[in-house]
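S.K.: Structure incoming, see below.
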Amino acid sequence: MINLYTSKSQCCGCTACMSVCPERAITMKPDENGFLYPVIDSSLCIECKLCKKVCSFQYDVENPCTLSKPLKTYAAILKDTDFLKNSASGGAFVALAMYTLHNNGVVFGCTMNDGLKPEHICIDSFNDIHKLQGSKYVQSDLKDTYYEIKKYLKSNRLVLFTGTPCQVAGLKSYLGKEYDNLITADLICHGVPSYSFFKSYIQWIEWKLEGKIIDFRFRIKEKCWGHGAKVVYKKNGIVKEKSIVPIESCYYYYFLKGYIYRESCYECPYAGPYRIGDFTFGDYWGIDKVHPEVNRSNGVSLVLVNTQKGLQIINGVDPFNIFDGSRKYKNSFKINDCLYLIESDFEKARQYNGQLNYPVIRHKEREIILNIFREEGFKAVADKYYNDMKKQIIMYKIKAIIPTPIKSKIKKILKRT
């Protein structure tokens, strides 16, 4: 029997092994913590070992030189304010999606389905870009995404795929060769919790609010660019909203601290300066220090251009003129048509983006939290959190009600002493 991994830290759940299996003998099944892992049906397996050969994650752990260091670094802000408002940071993804759709392409990215489960879907219309916007701090279900992408590529269609770096690496390994009509964009990923843990969190909020949650947004900009979230729910037939700040959310806090990630996230070969996609997108944290002249009120994207293909696209040169004429591209839309691009410096940008240096450190709290989750359920996890963080939450609430001028006076007094 083929053994796909000897330790859970060796599997990122990218689905490449499942997708490459000619007998469809591999399925992704949740473990005790809800993380998806490949399981082989021995009655279908023909032991071709393609599943072993296609595992880019294990290979890249040992051979990080297969990745590329960024060629260019930019701060980016979308010109369209409506799209910008719904973006987690500066809207760089929207610009690349527009570029792809203008050129008769399709875009694959993560959305929240009606059951609030993150999953990858394909869009081919500008009207659907909003479905792929925003952060989803949960591992997405790729389903048959790799199969679908390969079909589009073989039909000479332009394809944009965006996802976590391990998902991009899995796609490339599954395809087995370079496709000129494929654009990839990886995210500056902290790590991924399981859908099972997130689903339990949603159910716990519903119990607290006595309502049915119909939408959950991890990043909103109603007050400022940051980590604020919002839950939309229905109670007694009335749709209501509730804002969530990280310290008041056990799920959010544990995510930001890195306590509830997949095992492989703590040994991720892609959490560093060398990247797997043509582009890397993320928040440009520290922009106020690196580029104080940039207006950051509505968010700023950090854009890393990692390949020659990426450079051509960002510079407005058509990299897809290799086609034989069967595919007609408009060639009129350029990235800087809809983006403000400020050239920056990678070494400065990585100072404030930890995952451009190294993966998050595995904390002892991880096992404690997940053990409580397995044995007692999410309510017990929440009870632990609010007991541990009682003082910090009270202090946050006190600070929140103090007017800004008074805060400034207090700071001045403290500096003097």
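Following the order of the structure tokens, first chain is A, next is B, and so on, with residues numbered from 1 inside each chain and ligands from 1 in the order they appear.
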Could you list, as an NGL selection string, every residue within 12 Å of range 296-301 of chain A, counting only C-alpha atoms and ignoring same-chain residues fewer than 4 positions away?

M.R.: :A and (73-95 or 134 or 187-188 or 219-227 or 279-292 or 339-344 or 349 or 353)

S.K.: Name the residues in contact with Met98 in chain A at a cut-off of 10 Å, using only C-alpha atoms, excluding same-chain residues fewer than 6 positions from it; report them as a PDB file with N, CA and C atoms, in the first residue's frame.

M.R.:
```
ATOM      1  N   ASN A 104     -10.598  37.544 -22.485  1.00  0.00           N
ATOM      2  CA  ASN A 104     -11.425  36.355 -22.717  1.00  0.00           C
ATOM      3  C   ASN A 104     -10.987  35.160 -21.867  1.00  0.00           C
ATOM      4  N   GLY A 105     -10.479  35.450 -20.695  1.00  0.00           N
ATOM      5  CA  GLY A 105     -10.016  34.375 -19.824  1.00  0.00           C
ATOM      6  C   GLY A 105     -11.005  34.028 -18.730  1.00  0.00           C
ATOM      7  N   VAL A 106     -10.588  33.095 -17.893  1.00  0.00           N
ATOM      8  CA  VAL A 106     -11.387  32.691 -16.729  1.00  0.00           C
ATOM      9  C   VAL A 106     -10.534  32.838 -15.483  1.00  0.00           C
ATOM     10  N   VAL A 107     -11.201  33.046 -14.366  1.00  0.00           N
ATOM     11  CA  VAL A 107     -10.507  33.281 -13.094  1.00  0.00           C
ATOM     12  C   VAL A 107     -10.957  32.258 -12.052  1.00  0.00           C
ATOM     13  N   SER A 125     -17.084  36.305 -15.717  1.00  0.00           N
ATOM     14  CA  SER A 125     -17.831  37.558 -15.867  1.00  0.00           C
ATOM     15  C   SER A 125     -17.351  38.584 -14.843  1.00  0.00           C
ATOM     16  N   PHE A 126     -17.300  39.845 -15.272  1.00  0.00           N
ATOM     17  CA  PHE A 126     -16.926  40.931 -14.366  1.00  0.00           C
ATOM     18  C   PHE A 126     -17.910  41.042 -13.201  1.00  0.00           C
ATOM     19  N   ILE A 129     -16.751  39.051  -9.991  1.00  0.00           N
ATOM     20  CA  ILE A 129     -15.461  39.278  -9.324  1.00  0.00           C
ATOM     21  C   ILE A 129     -15.643  39.415  -7.811  1.00  0.00           C
ATOM     22  N   PHE A 333      -6.243  46.298 -22.600  1.00  0.00           N
ATOM     23  CA  PHE A 333      -6.351  46.539 -21.159  1.00  0.00           C
ATOM     24  C   PHE A 333      -4.998  46.322 -20.493  1.00  0.00           C
ATOM     25  N   LYS A 334      -4.572  47.299 -19.713  1.00  0.00           N
ATOM     26  CA  LYS A 334      -3.307  47.196 -18.992  1.00  0.00           C
ATOM     27  C   LYS A 334      -3.556  47.311 -17.487  1.00  0.00           C
ATOM     28  N   ILE A 335      -2.716  46.623 -16.718  1.00  0.00           N
ATOM     29  CA  ILE A 335      -2.873  46.624 -15.257  1.00  0.00           C
ATOM     30  C   ILE A 335      -2.908  48.037 -14.696  1.00  0.00           C
ATOM     31  N   CYS A 338      -6.058  50.384 -14.122  1.00  0.00           N
ATOM     32  CA  CYS A 338      -6.957  50.372 -12.967  1.00  0.00           C
ATOM     33  C   CYS A 338      -6.218  50.317 -11.623  1.00  0.00           C
TER      34      CYS A 338
END
```

S.K.: Do a neighbour search on range 196-210 of chain A at 8 Å with only C-alpha atoms, toss out local chain neighbours closer than 2 positions, and write the hits as a PyMOL selection string.

M.R.: chain A and resi 33-35+116-117+138+193-194+212-213+235+251+373+378-379

S.K.: Since we have the selection now, will you write its residues out, keeping N, CA and C atoms, as a PDB file, in the first residue's frame?

M.R.:
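Written file, result_23.pdb:
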```pdb
ATOM      1  N   ASN A  33      -9.327  16.700  13.572  1.00  0.00           N
ATOM      2  CA  ASN A  33      -9.415  18.155  13.751  1.00  0.00           C
ATOM      3  C   ASN A  33     -10.095  18.855  12.573  1.00  0.00           C
ATOM      4  N   GLY A  34     -10.535  18.074  11.602  1.00  0.00           N
ATOM      5  CA  GLY A  34     -11.243  18.637  10.457  1.00  0.00           C
ATOM      6  C   GLY A  34     -10.375  18.976   9.269  1.00  0.00           C
ATOM      7  N   PHE A  35      -9.064  18.743   9.345  1.00  0.00           N
ATOM      8  CA  PHE A  35      -8.173  19.029   8.223  1.00  0.00           C
ATOM      9  C   PHE A  35      -8.261  17.904   7.199  1.00  0.00           C
ATOM     10  N   LEU A 116     -21.379  28.977   3.931  1.00  0.00           N
ATOM     11  CA  LEU A 116     -20.200  29.634   4.513  1.00  0.00           C
ATOM     12  C   LEU A 116     -18.984  28.715   4.518  1.00  0.00           C
ATOM     13  N   LYS A 117     -18.900  27.866   3.515  1.00  0.00           N
ATOM     14  CA  LYS A 117     -17.728  27.007   3.356  1.00  0.00           C
ATOM     15  C   LYS A 117     -16.851  27.588   2.249  1.00  0.00           C
ATOM     16  N   VAL A 138      -9.678  30.412   6.300  1.00  0.00           N
ATOM     17  CA  VAL A 138     -10.006  28.996   6.431  1.00  0.00           C
ATOM     18  C   VAL A 138      -9.445  28.297   5.188  1.00  0.00           C
ATOM     19  N   PRO A 193      -6.674  27.388   9.215  1.00  0.00           N
ATOM     20  CA  PRO A 193      -7.463  26.553  10.120  1.00  0.00           C
ATOM     21  C   PRO A 193      -8.348  25.622   9.286  1.00  0.00           C
ATOM     22  N   SER A 194      -8.968  24.649   9.930  1.00  0.00           N
ATOM     23  CA  SER A 194      -9.857  23.723   9.222  1.00  0.00           C
ATOM     24  C   SER A 194     -11.264  24.303   9.115  1.00  0.00           C
ATOM     25  N   LYS A 212     -29.665  33.140  12.582  1.00  0.00           N
ATOM     26  CA  LYS A 212     -29.035  32.358  11.520  1.00  0.00           C
ATOM     27  C   LYS A 212     -28.068  33.238  10.746  1.00  0.00           C
ATOM     28  N   ILE A 213     -26.775  32.864  10.757  1.00  0.00           N
ATOM     29  CA  ILE A 213     -25.773  33.660  10.044  1.00  0.00           C
ATOM     30  C   ILE A 213     -25.888  33.417   8.546  1.00  0.00           C
ATOM     31  N   LYS A 235     -32.562  37.280  12.398  1.00  0.00           N
ATOM     32  CA  LYS A 235     -33.201  36.940  13.662  1.00  0.00           C
ATOM     33  C   LYS A 235     -34.646  37.427  13.637  1.00  0.00           C
ATOM     34  N   TYR A 251     -11.925  32.822  17.631  1.00  0.00           N
ATOM     35  CA  TYR A 251     -11.442  32.276  16.362  1.00  0.00           C
ATOM     36  C   TYR A 251     -10.423  33.229  15.735  1.00  0.00           C
ATOM     37  N   PHE A 373     -11.309  21.175  21.662  1.00  0.00           N
ATOM     38  CA  PHE A 373     -12.278  21.165  20.567  1.00  0.00           C
ATOM     39  C   PHE A 373     -12.760  19.746  20.261  1.00  0.00           C
ATOM     40  N   PHE A 378     -16.799  23.302  20.665  1.00  0.00           N
ATOM     41  CA  PHE A 378     -16.332  24.681  20.509  1.00  0.00           C
ATOM     42  C   PHE A 378     -16.705  25.578  21.687  1.00  0.00           C
ATOM     43  N   LYS A 379     -17.813  25.326  22.324  1.00  0.00           N
ATOM     44  CA  LYS A 379     -18.188  26.166  23.467  1.00  0.00           C
ATOM     45  C   LYS A 379     -17.113  26.135  24.543  1.00  0.00           C
TER      46      LYS A 379
END
```

S.K.: Closest to Val54 in chain A among A:Thr15, A:Val303, A:Ile149, A:Arg24, using only C-alpha atoms?

M.R.: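 Of A:Thr15, A:Val303, A:Ile149, A:Arg24, the one nearest Val54 in chain A, counting only C-alpha atoms, is A:Thr15.
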
S.K.: As an exercise, work out the distance from CA of Val159 in chain A to CA of Pro38 in chain A in Å and give it to one decimal place.

M.R.: 26.2 Å

S.K.: Please, which residues of range 43-83 of chain A, numbered as in this document, come out strand (DSSP E) from DSSP, as a list in words?

M.R.: Lys72, Thr73, Tyr74, Ala75, Ala76, Ile77 and Leu78 of chain A

S.K.: For the selection just defined, write its residues with C-alpha atoms to a file, as a PDB file, in the first residue's frame.

M.R.:
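Ended up saving to selection-v4.pdb:
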```
ATOM      1  CA  LYS A  72       9.930  43.690  -8.627  1.00  0.00           C
ATOM      2  CA  THR A  73       8.040  44.946  -5.577  1.00  0.00           C
ATOM      3  CA  TYR A  74       5.110  47.365  -5.657  1.00  0.00           C
ATOM      4  CA  ALA A  75       2.607  49.034  -3.384  1.00  0.00           C
ATOM      5  CA  ALA A  76      -0.721  48.990  -5.216  1.00  0.00           C
ATOM      6  CA  ILE A  77      -4.135  50.616  -4.799  1.00  0.00           C
ATOM      7  CA  LEU A  78      -7.156  49.942  -6.999  1.00  0.00           C
TER       8      LEU A  78
END
```

S.K.: Considering only C-alpha atoms, can you say which of A:Gly310, A:Gly176, A:Gly258, A:Pro246 comes closest to Val192 in chain A?

M.R.: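 For Val192 in chain A, the nearest of the given residues is A:Gly258.
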
S.K.: Near Phe216 in chain A, within 7 Å and counting only C-alpha atoms, which residues show up once chain neighbours fewer than 4 positions away are dropped, as a list in words?

M.R.: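 The residues that qualify are Lys230, Val231 and Val232 of chain A.
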
S.K.: Suppose you want the space between CA of Ala229 in chain A and CA of Leu160 in chain A; what is it in Å?

M.R.: 27.4 Å

S.K.: DSSP on the backbone, alpha helix (DSSP H) only: what residues of range 190-406 of chain A does that give? Format it as a PyMOL selection string.

M.R.: chain A and resi 195-209+250-257+287-290+308-314+346-349+365-376+378-388+390-401+404-406

S.K.: Save out the residues we just selected, C-alpha atoms, as a tab-separated table (two decimals), in the first residue's frame.

M.R.:
```tsv
chain	number	residue	atom	x	y	z
A	195	TYR	CA	-13.37	24.29	7.93
A	196	SER	CA	-14.67	22.06	10.73
A	197	PHE	CA	-13.25	24.43	13.36
A	198	PHE	CA	-14.63	27.49	11.54
A	199	LYS	CA	-18.05	25.88	11.07
A	200	SER	CA	-18.22	25.18	14.81
A	201	TYR	CA	-17.31	28.80	15.47
A	202	ILE	CA	-20.18	29.95	13.22
A	203	GLN	CA	-22.61	27.64	15.01
A	204	TRP	CA	-21.43	29.00	18.36
A	205	ILE	CA	-22.05	32.61	17.22
A	206	GLU	CA	-25.54	31.60	16.02
A	207	TRP	CA	-26.23	30.18	19.48
A	208	LYS	CA	-25.01	33.41	21.10
A	209	LEU	CA	-26.99	35.69	18.76
A	250	CYS	CA	-11.67	33.55	19.96
A	251	TYR	CA	-11.44	32.28	16.36
A	252	TYR	CA	-9.91	35.50	15.04
A	253	TYR	CA	-7.44	35.79	17.90
A	254	TYR	CA	-6.31	32.17	17.64
A	255	PHE	CA	-5.92	32.57	13.87
A	256	LEU	CA	-3.78	35.71	14.14
A	257	LYS	CA	-1.62	34.05	16.79
A	287	ILE	CA	3.47	51.03	4.37
A	288	ASP	CA	3.31	54.05	6.69
A	289	LYS	CA	7.00	53.57	7.48
A	290	VAL	CA	8.22	52.59	4.01
A	308	GLN	CA	9.24	37.27	-16.51
A	309	LYS	CA	5.61	36.59	-17.42
A	310	GLY	CA	4.52	38.66	-14.45
A	311	LEU	CA	6.86	41.48	-15.47
A	312	GLN	CA	5.40	41.57	-18.96
A	313	ILE	CA	1.86	41.77	-17.62
A	314	ILE	CA	2.65	44.50	-15.09
A	346	PHE	CA	11.36	43.90	-1.23
A	347	GLU	CA	13.81	44.04	1.66
A	348	LYS	CA	11.84	46.88	3.23
A	349	ALA	CA	8.48	45.20	2.60
A	365	GLU	CA	-1.42	26.22	22.79
A	366	ARG	CA	-2.29	24.49	19.50
A	367	GLU	CA	-2.61	21.04	21.00
A	368	ILE	CA	-4.43	22.36	24.07
A	369	ILE	CA	-7.03	24.21	21.97
A	370	LEU	CA	-7.59	21.41	19.45
A	371	ASN	CA	-7.76	18.80	22.18
A	372	ILE	CA	-10.53	20.79	23.92
A	373	PHE	CA	-12.28	21.17	20.57
A	374	ARG	CA	-12.19	17.41	19.91
A	375	GLU	CA	-13.25	16.31	23.35
A	376	GLU	CA	-15.59	19.05	24.58
A	378	PHE	CA	-16.33	24.68	20.51
A	379	LYS	CA	-18.19	26.17	23.47
A	380	ALA	CA	-15.44	24.85	25.74
A	381	VAL	CA	-12.83	26.44	23.45
A	382	ALA	CA	-14.66	29.78	23.70
A	383	ASP	CA	-15.00	29.46	27.48
A	384	LYS	CA	-11.25	28.89	27.80
A	385	TYR	CA	-10.49	31.90	25.61
A	386	TYR	CA	-12.74	34.36	27.42
A	387	ASN	CA	-11.46	33.17	30.77
A	388	ASP	CA	-7.81	33.55	29.69
A	390	LYS	CA	-10.82	38.54	30.41
A	391	LYS	CA	-8.48	41.33	31.53
A	392	GLN	CA	-7.27	42.15	28.02
A	393	ILE	CA	-10.82	42.37	26.68
A	394	ILE	CA	-11.91	44.67	29.53
A	395	MET	CA	-8.90	46.93	28.91
A	396	TYR	CA	-9.71	47.03	25.19
A	397	LYS	CA	-13.29	48.07	25.88
A	398	ILE	CA	-12.18	50.80	28.28
A	399	LYS	CA	-9.71	52.18	25.71
A	400	ALA	CA	-12.40	52.06	23.01
A	401	ILE	CA	-14.68	54.45	24.88
A	404	THR	CA	-9.01	60.26	21.00
A	405	PRO	CA	-7.94	63.73	22.36
A	406	ILE	CA	-7.84	62.32	25.90
```

S.K.: Could you list, as a list in words, every residue within 7 Å of Leu356 in chain A, counting only C-alpha atoms and ignoring same-chain residues fewer than 5 positions away?

M.R.: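 In the requested form, the answer reads Ala271, Gly272, Pro273 and Arg350 of chain A.
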
S.K.: Please save C-alpha atoms of the selected residues as an mmCIF file, in the first residue's frame.

M.R.:
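Heads up, here's the output in selection30.cif:
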```cif
data_model
loop_
_atom_site.group_PDB
_atom_site.id
_atom_site.type_symbol
_atom_site.label_atom_id
_atom_site.label_comp_id
_atom_site.auth_asym_id
_atom_site.auth_seq_id
_atom_site.Cartn_x
_atom_site.Cartn_y
_atom_site.Cartn_z
ATOM 1 C CA ALA A 271 6.495 31.137 3.795
ATOM 2 C CA GLY A 272 9.684 32.956 2.875
ATOM 3 C CA PRO A 273 11.313 35.273 0.340
ATOM 4 C CA ARG A 350 9.499 41.909 4.207
#
```

S.K.: Take CA of Phe161 in chain A and CA of Gly115 in chain A and report the distance between them in Å, one decimal.

M.R.: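 Separation of CA of Phe161 in chain A and CA of Gly115 in chain A: 23.0 Å.
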
S.K.: I'd like the neighbourhood of Ser173 in chain A as a ChimeraX atom specification, where a residue qualifies if any of its atoms comes within 9 Å (using only C-alpha atoms), though same-chain residues fewer than 4 positions away should be ignored.

M.R.: /A:16,53-56,168-169,177

S.K.: For Met112 in chain A, which of A:Lys69, A:Lys131, A:Arg362, A:Lys154 is the closest residue, counting only C-alpha atoms?

M.R.: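 Answer, going by the shortest atom-to-atom distance: A:Lys131.
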
S.K.: Let me make sure I understand: among A:Asp141, A:Ser42, A:Asp345, A:Ser249, which one has the smallest atom-to-atom distance to Phe218 in chain A if we use only C-alpha atoms?

M.R.: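 The shortest atom-to-atom distance to Phe218 in chain A comes from A:Ser249.
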